[in-house]
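Taking it in order: structure first as structure tokens, then the write-up.
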Amino acid sequence: MSAATTAASSGPSPAVMGTYGRYDVVFDRGEGSWLIDTKGERYLDFGSGIAVNALGHANPKLIAALAEQAQKLWHTSNLYRVAGQEKLAERLVATTFADKVFFCNSGAEACEGIIKLARRYQFTSGHPERWRIITFKGSFHGRTLGTIAAAGNEKYLEGFGEPAPGFDVLETVNDLALVEKAIEPATAAIMVEPIQGEGGIRACTKEFLQGLRALADKNGLLLILDEVQTGVGRTGKLFAYEAAGIKPDAMAIAKGIGGGFPVGAFLATTEAAKGMVPGTHGSTFGGNPLAMAVGNAVLEAVLEPGFLEEVQRKALRFKQLLARVQDEHADIVEGIRGEGLLIGVKIKDKILAGDVVKACLAEHLLTVGAGDNVVRMIPPLTTPDEELAEGVARLSRALTNAKKQVK
């Protein structure tokens with residue numbers, strides 16, 4: 001009996017802090033779009049570790065990159081040059097708006113760092129009074145004290161004392177007049193997700209993002225994008241901002257860039273990053289050789305000719321299949337949202353999205369709940385057509401079963 005099987009058979013360990021409402025399943029291994037639990041049962045993974053496993057499980061290229069690096073060097077710290085960092089940074093600069101990259105370990109760290117960057121930019125520009133950042137309800141930027149304050153979600157703020165100051169959280173995206181009214185002499189930046197993932201796959205319109213760019217330029221602000229969930233091919237573009245025809249001043253990424261290995265980063269123009277001089281920020285593990293080996297392998301795969309076009313084709317097929325499900329279950333499915341392979345199924349209020357997620361689990365389909373009573377479907381970008389179809393069929397059965405539970 002394997003150690004994983006032993007752990008699974010004994011039930012959840014009381015030694016693990018209870019900060020998650022975990023499902024009672026333990027996965028032992030993965031293959032592409034599938035996860036196999038300790039009982040040998042197979043689950044179709046349309047959660048991708050919450051948009052992390054962009055290239056699926058046990059991807060041979062990622063395994064090879066990690067194994068090769070593991071034989072050579074794991075960690076040196078950022079006291080020295082790291083070859084893998086320079087290589088990945090140069091690739092990101094060559095394929096985005098950015099001139100500079102800072103590597104860290106997670107999306108929350110990337111967002112924390114980019115908040116510091118925005119404030120430091122204004123300080124260095126001679127405006128230390130400009131330190132407040134406009135953000136939006138429904139956003140999710142991480143679980144640190146700073147990032148929960150930036151999102152303004154009361155549920156995540158409860159019990160942690162006074163929220164970290166410096167954030168003006170607006171009620172909604174896609175209201176330029178509201179943003180313009182919120183700009184004041186102390187405003188340093190505007191921070192937004194192109195598509196709110198945790199908030200229910202709520203997308204910013206192209207016109208709204210273009211308007212934010214114009215407002216930032218007019219008022220001397222930085223436009224910051226949080227593309228932790230939308231980046232690295234998830235929407236069918238390398239990054240979601242490309243669809244709006246704009247360029248941000250700075251951007252946070254994570255999740256997909258590591259393909260399952262902890263990697264985060266924030267990117268910026270030379271101007272936006274001018275305040276980030278030695279001593280202003282750091283990370284012990286950020287950009288370590290193992291993470292950079294995997295990050296380079298992920299980006300190399302996503303940038304292969306035809307890869308993003310294939311994601312776009314799959315996304316169109318996926319939406320067509322889901323449209324049929326909406327027709328079949330019009331009594332409880334209100335709509336299909338999202339771009340690329342970041343899709344939200346909006347459930348009518350008569351049934352909780354969480355109950356649909358549980359019904360999907362019973363069908364051995366892994367999905368993720370979100371705000372606004374939405375079920376997220378985030379399959380690996382490499383999921384074959386037949387597995388997309390299988391996942392939609394399992395969703396349909398789960399919706400039928402969820403309705404029975406309500407009755």
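Naming scheme: A, B, ... for chains in displayed order of the structure tokens; residues 1 onward per chain; ligands 1 onward as shown.
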Sort by chain and increasing residue number a table of all residues of region 205-258 of chain A within 10 Å of region 45-55 of chain A, each with its closest pair of atoms and their distance in Å to one decimal, counting only C-alpha atoms, and write it as a tab-separated table.
residue	atom	partner	partner_atom	distance
A:Val228	CA	A:Ala51	CA	8.9
A:Gln229	CA	A:Ala51	CA	6.1
A:Thr230	CA	A:Ala51	CA	8.2
A:Gly231	CA	A:Ala51	CA	9.4
A:Val232	CA	A:Ala54	CA	8.1
A:Gly233	CA	A:Ala54	CA	8.2
A:Arg234	CA	A:Ala54	CA	7.6
A:Ala254	CA	A:Val52	CA	8.2
A:Lys255	CA	A:Val52	CA	4.4
A:Gly256	CA	A:Val52	CA	4.5
A:Ile257	CA	A:Val52	CA	7.8
A:Gly258	CA	A:Val52	CA	7.3
Quick one: contact table of region 284-331 of chain A to region 60-68 of chain A, 12 Å max, nearest atom pair and distance in Å to one decimal per residue, counting only C-alpha atoms, chain and number order, as CSV?
residue,atom,partner,partner_atom,distance
A:Asn288,CA,A:Leu66,CA,11.8
A:Pro289,CA,A:Leu66,CA,9.2
A:Leu290,CA,A:Leu66,CA,6.2
A:Ala291,CA,A:Leu66,CA,8.1
A:Met292,CA,A:Leu66,CA,9.1
A:Ala293,CA,A:Ala65,CA,5.8
A:Val294,CA,A:Leu62,CA,5.8
A:Gly295,CA,A:Leu62,CA,8.7
A:Asn296,CA,A:Ala65,CA,8.6
A:Ala297,CA,A:Leu62,CA,6.1
A:Val298,CA,A:Leu62,CA,7.1
A:Leu299,CA,A:Leu62,CA,10.6
A:Glu300,CA,A:Lys61,CA,9.8
A:Ala301,CA,A:Lys61,CA,8.4
A:Val302,CA,A:Lys61,CA,11.8
Please, could you write that set of residues out with C-alpha atoms as a tab-separated table (two decimals), in the first residue's frame?
chain	number	residue	atom	x	y	z
A	288	ASN	CA	14.75	29.84	-8.55
A	289	PRO	CA	16.33	27.57	-11.21
A	290	LEU	CA	13.66	24.84	-10.89
A	291	ALA	CA	10.78	27.28	-11.37
A	292	MET	CA	12.50	28.99	-14.27
A	293	ALA	CA	13.17	25.70	-16.06
A	294	VAL	CA	9.46	24.85	-15.93
A	295	GLY	CA	8.35	28.40	-16.79
A	296	ASN	CA	10.55	28.43	-19.86
A	297	ALA	CA	9.16	25.06	-20.96
A	298	VAL	CA	5.57	26.26	-20.52
A	299	LEU	CA	6.10	29.47	-22.46
A	300	GLU	CA	7.96	27.61	-25.21
A	301	ALA	CA	5.00	25.26	-25.62
A	302	VAL	CA	2.38	28.02	-25.62
Legend entry - Point-to-point distance in Å for CA of Ile224 (chain A) and CA of Ser139 (chain A):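 For CA of Ser139 (chain A) relative to CA of Ile224 (chain A), the distance reads 13.1 Å.
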Open item on the list: I'd like the contact shell of Glu90 (chain A) - 10 Å cut-off, only C-alpha atoms, skipping same-chain residues fewer than 5 positions apart - returned as a PyMOL selection string.
Closed with: chain A and resi 84-85+95+98-101
What would the file look like if the residues just selected were written as a PDB file, in the first residue's frame with N, CA and C atoms?
ATOM      1  N   GLY A  84      18.209  31.010 -15.935  1.00  0.00           N
ATOM      2  CA  GLY A  84      16.832  30.741 -16.332  1.00  0.00           C
ATOM      3  C   GLY A  84      15.940  31.951 -16.214  1.00  0.00           C
ATOM      4  N   GLN A  85      16.197  32.810 -15.211  1.00  0.00           N
ATOM      5  CA  GLN A  85      15.434  34.052 -15.070  1.00  0.00           C
ATOM      6  C   GLN A  85      15.647  34.959 -16.276  1.00  0.00           C
ATOM      7  N   THR A  95       7.503  39.183 -26.044  1.00  0.00           N
ATOM      8  CA  THR A  95       6.155  38.815 -26.486  1.00  0.00           C
ATOM      9  C   THR A  95       5.057  39.630 -25.811  1.00  0.00           C
ATOM     10  N   ALA A  98       6.002  44.604 -22.006  1.00  0.00           N
ATOM     11  CA  ALA A  98       6.896  44.900 -20.886  1.00  0.00           C
ATOM     12  C   ALA A  98       8.356  45.039 -21.292  1.00  0.00           C
ATOM     13  N   ASP A  99       9.101  45.706 -20.403  1.00  0.00           N
ATOM     14  CA  ASP A  99      10.556  45.831 -20.530  1.00  0.00           C
ATOM     15  C   ASP A  99      11.287  45.143 -19.375  1.00  0.00           C
ATOM     16  N   LYS A 100      10.580  44.972 -18.244  1.00  0.00           N
ATOM     17  CA  LYS A 100      11.197  44.447 -17.037  1.00  0.00           C
ATOM     18  C   LYS A 100      10.300  43.381 -16.408  1.00  0.00           C
ATOM     19  N   VAL A 101      10.915  42.385 -15.745  1.00  0.00           N
ATOM     20  CA  VAL A 101      10.174  41.307 -15.094  1.00  0.00           C
ATOM     21  C   VAL A 101      10.781  41.038 -13.721  1.00  0.00           C
TER      22      VAL A 101
END
